[in-house]
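Notes follow the structure.
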Number of protein chains: 2
Amino acid sequence: MERQGILAVVSGFSGAGKGTLMKELLARYDNYALSVSATTRKPREGEVDGREYFFVSKERFQQMIEEGSLVEYAQYVNHYYGTPRDYVMQKMAQGKDVILEIEIQGALKVKKRFPDALLLFITPPSAKELCRRLVGRGTETIEVINARLHRAAEEAAGMEAYDYLLINDEIDRCVEEMHRLIQLQHRRTVFHLDFLNQMREELKTLDARSAIEEA
Amino acid sequence: MERQGILAVVSGFSGAGKGTLMKELLARYDNYALSVSATTRKPREGEVDGREYFFVSKERFQQMIEEGSLVEYAQYVNHYYGTPRDYVMQKMAQGKDVILEIEIQGALKVKKRFPDALLLFITPPSAKELCRRLVGRGTETIEVINARLHRAAEEAAGMEAYDYLLINDEIDRCVEEMHRLIQLQHRRTVFHLDFLNQMREELKTLDARSAIEEA
């Protein structure tokens with residue numbers, strides 16, 4: 001069977017440890033490609049075009065929207081961010097399993113355009129644990145953390161549309177589970193319809209006599 | 001998270017090695033229960049009621065159909081065979097992952113009543129290999145085998161509705177894959193809606209200050 005890549009969309013609460021999970025997954029296995037987003041924001045020190053982001057002008061981004069060449073896009077703080085369709089398709093055609101790390105609203109748009117995409121939601125084991133992790137970072141004030149927690153509750157709307165819920169209680173176990181889950185998607189019937197049809201055709205015309213003679 | 005069992009329906013071409021796979025899966029892991037069918041045929045030597053089958057009268061079987069207490073049923077050569085709903089539900093409630101080994105038409109009925117059931121189809125790597133296995137058994141004439149192959153092609157109608165296609169090229173690998181696939185179904189979002197709702201409620205009311213005070 002030929003092997004085309006899987007598209008996996010990963011979302012989760014901020015503080016769920018998505019970043020670490022992704023880094024670990026890509027470090028352990030070489031069959032993954034992380035999708036690179038297009039953005040209208042300026043590159044920061046050390047960022048390379050085509051690695052962290054594809055840096056484009058507002059005009060170019062607008063054009064990409066009109067051409068339909070973005071799978072999804074969103075605006076944050078005056079800047080646009082979007083997922084270029086071509087990049088994703090190319091990597092999948094190369095047999096890479098492409099991972100898209102985006103928010104729920106974007107994920108639901110991706111699912112509409114790629115119904116066979118696998119949607120994974122990463123959650124910490126509990127709300128308290130999420131709170132502890134955010135506090136533990138020590139980078140934000142109590143007020144900011146509280147606002148973040150409450151926003152997380154709102155953002156969670158749509159979570160039910162995700163295929164699987166992975167609980168990140170232990171990085172190592174969670175990475176392996178994510179890896180297995182994505183790899184097993186290659187077994188989905190929908191990816192093997194050619195094989196099935198060929199098998200059916202062969203069964204219709206096969207003669208056991210010839211099998212014996214061959215043996 | 002509480003753990004209720006998964007319902008997995010396994011079908012496949014005769015000669016695909018389903019029987020061996022099931023036996024091996026149950027021998028390796030103790031979290032599975034094979035569904036026991038009800039039948040109107042008489043027990044054979046050595047068969048025990050409630051182990052190989054639940055042996056019932058035609059009247060009782062008819063009553064079970066009318067009560068809706070069979071998930072699916074079918075008639076072969078004057079005898080009825082069906083899957084008792086109660087047995088399946090009990091085992092799942094006990095946390096067992098229940099495996100139903102039935103044909104495609106029955107599987108599709110199960111999927112209607114249990115939309116969260118996992119449908120697995122087992123196939124040999126090719127039509128020729130299936131042919132070789134049937135011939136290799138040496139128990140049937142060429143004519144019977146040919147009829148079986150052609151019937152397999154017809155029976156394959158509906159295969160597309162299965163969630164996953166497992167290729168039984170090597171028993172050991174295939175058993176492990178089946179096991180992982182069923183176990184990962186426990187991560188399906190649909191089984192964790194209570195957890196998600198609780199998490200959302202907690203996030204709404206959580207105060208990071210208390211998390212710091214606790215620490």
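Quick note on naming: the chains in the structure tokens go A, B, ... in the order shown, residues restart at 1 in each chain, and ligands are numbered from 1 in order of appearance.
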
>> I need the residues of segment 17-201 of chain A that end up classed as strand (DSSP E or B) by DSSP on the backbone, written out as a ChimeraX atom specification.
In response: /A:32-34,37-39,49,53-55,70-76,79-84,97-101,118-123,164-167,188

> Would you list which chain A residues are within 8 Å of chain B using only C-alpha atoms, as number ranges by chain?
Replying inline: A: 126-128, 131-132, 135, 142, 145-146, 149-150, 152-154, 156, 160-166, 177, 180-181, 184, 187-190, 192-193, 199-209, 211-212

> For Ser35 of chain A, which of A:Pro84, A:Gly5, A:Pro115, A:Gly138 is the closest residue, counting only C-alpha atoms?
Replying inline: A:Pro84

> Can you list every residue in segment 40-206 of chain B that DSSP puts in helix (DSSP H, G or I), as a VMD selection string?
Replying inline: chain B and resid 58 to 67 85 to 93 104 to 113 127 to 137 142 to 155 159 to 161 171 to 187 189 to 205

Keeping only C-alpha atoms, take the residues you just selected and write them out as an mmCIF file, in the first residue's frame.
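Dumped everything to result10.cif:
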data_model
loop_
_atom_site.group_PDB
_atom_site.id
_atom_site.type_symbol
_atom_site.label_atom_id
_atom_site.label_comp_id
_atom_site.auth_asym_id
_atom_site.auth_seq_id
_atom_site.Cartn_x
_atom_site.Cartn_y
_atom_site.Cartn_z
ATOM 1 C CA LYS B 58 -36.942 -20.952 18.622
ATOM 2 C CA GLU B 59 -39.770 -19.531 20.756
ATOM 3 C CA ARG B 60 -37.342 -17.881 23.163
ATOM 4 C CA PHE B 61 -35.287 -16.489 20.260
ATOM 5 C CA GLN B 62 -38.430 -15.063 18.667
ATOM 6 C CA GLN B 63 -39.302 -13.457 21.993
ATOM 7 C CA MET B 64 -35.809 -11.926 22.245
ATOM 8 C CA ILE B 65 -36.243 -10.401 18.783
ATOM 9 C CA GLU B 66 -39.609 -8.928 19.771
ATOM 10 C CA GLU B 67 -38.291 -7.562 23.069
ATOM 11 C CA ARG B 85 -27.686 -6.935 24.252
ATOM 12 C CA ASP B 86 -27.628 -7.581 28.015
ATOM 13 C CA TYR B 87 -24.471 -9.690 27.926
ATOM 14 C CA VAL B 88 -22.620 -7.024 25.962
ATOM 15 C CA MET B 89 -23.831 -4.208 28.223
ATOM 16 C CA GLN B 90 -22.935 -6.099 31.409
ATOM 17 C CA LYS B 91 -19.397 -6.823 30.284
ATOM 18 C CA MET B 92 -18.876 -3.226 29.186
ATOM 19 C CA ALA B 93 -20.199 -1.960 32.518
ATOM 20 C CA ILE B 104 -20.666 -7.166 7.814
ATOM 21 C CA GLN B 105 -24.462 -6.933 7.748
ATOM 22 C CA GLY B 106 -24.654 -7.604 11.481
ATOM 23 C CA ALA B 107 -21.815 -5.169 12.129
ATOM 24 C CA LEU B 108 -23.678 -2.381 10.382
ATOM 25 C CA LYS B 109 -26.729 -3.054 12.576
ATOM 26 C CA VAL B 110 -24.554 -2.907 15.688
ATOM 27 C CA LYS B 111 -23.111 0.425 14.550
ATOM 28 C CA LYS B 112 -26.632 1.822 14.303
ATOM 29 C CA ARG B 113 -27.472 0.852 17.872
ATOM 30 C CA ALA B 127 -6.628 -11.970 -2.760
ATOM 31 C CA LYS B 128 -3.991 -14.486 -3.864
ATOM 32 C CA GLU B 129 -2.797 -14.951 -0.306
ATOM 33 C CA LEU B 130 -6.389 -15.563 0.831
ATOM 34 C CA CYS B 131 -6.732 -18.143 -1.927
ATOM 35 C CA ARG B 132 -3.476 -19.827 -0.888
ATOM 36 C CA ARG B 133 -4.614 -20.023 2.737
ATOM 37 C CA LEU B 134 -7.944 -21.596 1.829
ATOM 38 C CA VAL B 135 -6.241 -24.097 -0.475
ATOM 39 C CA GLY B 136 -3.599 -24.754 2.184
ATOM 40 C CA ARG B 137 -6.219 -25.855 4.714
ATOM 41 C CA ILE B 142 -11.551 -26.342 -5.549
ATOM 42 C CA GLU B 143 -15.191 -25.650 -6.396
ATOM 43 C CA VAL B 144 -16.094 -24.826 -2.803
ATOM 44 C CA ILE B 145 -13.045 -22.567 -2.464
ATOM 45 C CA ASN B 146 -13.838 -20.745 -5.689
ATOM 46 C CA ALA B 147 -17.437 -20.227 -4.565
ATOM 47 C CA ARG B 148 -16.123 -18.922 -1.250
ATOM 48 C CA LEU B 149 -13.753 -16.460 -2.950
ATOM 49 C CA HIS B 150 -16.501 -15.112 -5.165
ATOM 50 C CA ARG B 151 -18.869 -14.841 -2.229
ATOM 51 C CA ALA B 152 -16.145 -12.968 -0.327
ATOM 52 C CA ALA B 153 -16.118 -10.375 -3.111
ATOM 53 C CA GLU B 154 -19.871 -9.887 -2.711
ATOM 54 C CA GLU B 155 -19.749 -9.954 1.077
ATOM 55 C CA MET B 159 -16.546 -2.779 4.111
ATOM 56 C CA GLU B 160 -16.132 0.959 3.599
ATOM 57 C CA ALA B 161 -18.225 1.562 6.698
ATOM 58 C CA ILE B 171 -0.195 -12.650 13.483
ATOM 59 C CA ASP B 172 1.980 -11.152 16.197
ATOM 60 C CA ARG B 173 2.086 -7.680 14.656
ATOM 61 C CA CYS B 174 -1.611 -7.757 13.833
ATOM 62 C CA VAL B 175 -2.655 -8.761 17.370
ATOM 63 C CA GLU B 176 -0.617 -5.930 18.868
ATOM 64 C CA GLU B 177 -2.044 -3.452 16.410
ATOM 65 C CA MET B 178 -5.583 -4.550 17.188
ATOM 66 C CA HIS B 179 -4.891 -4.290 20.906
ATOM 67 C CA ARG B 180 -3.456 -0.764 20.616
ATOM 68 C CA LEU B 181 -6.279 0.355 18.414
ATOM 69 C CA ILE B 182 -8.941 -0.831 20.832
ATOM 70 C CA GLN B 183 -7.101 0.578 23.861
ATOM 71 C CA LEU B 184 -6.687 3.986 22.227
ATOM 72 C CA GLN B 185 -10.440 4.128 21.673
ATOM 73 C CA HIS B 186 -10.676 4.793 25.388
ATOM 74 C CA ARG B 187 -9.244 8.214 24.562
ATOM 75 C CA THR B 189 -13.509 12.536 23.302
ATOM 76 C CA VAL B 190 -17.035 11.167 23.307
ATOM 77 C CA PHE B 191 -16.174 8.994 26.327
ATOM 78 C CA HIS B 192 -14.912 11.957 28.349
ATOM 79 C CA LEU B 193 -17.649 14.531 28.086
ATOM 80 C CA ASP B 194 -18.242 14.477 31.851
ATOM 81 C CA PHE B 195 -14.558 15.126 32.469
ATOM 82 C CA LEU B 196 -14.621 17.990 29.949
ATOM 83 C CA ASN B 197 -17.694 19.607 31.450
ATOM 84 C CA GLN B 198 -16.309 19.368 34.947
ATOM 85 C CA MET B 199 -13.003 20.861 33.801
ATOM 86 C CA ARG B 200 -14.823 23.737 32.141
ATOM 87 C CA GLU B 201 -16.844 24.448 35.293
ATOM 88 C CA GLU B 202 -13.739 24.414 37.459
ATOM 89 C CA LEU B 203 -11.850 26.729 35.113
ATOM 90 C CA LYS B 204 -14.636 29.284 35.310
ATOM 91 C CA THR B 205 -14.435 29.590 39.076
#

>> When you look at Glu101 of chain A with a cut-off of 7 Å (counting only C-alpha atoms), what residues show up, excluding the ones that are within fewer than 6 positions of it in the same chain? I need them as a PyMOL selection string.
In response: chain A and resi 9-11

> What is the distance, in Å and to one decimal place, between atom CA of Ala8 of chain B and atom CA of Asp116 of chain B?
Replying inline: 9.1 Å
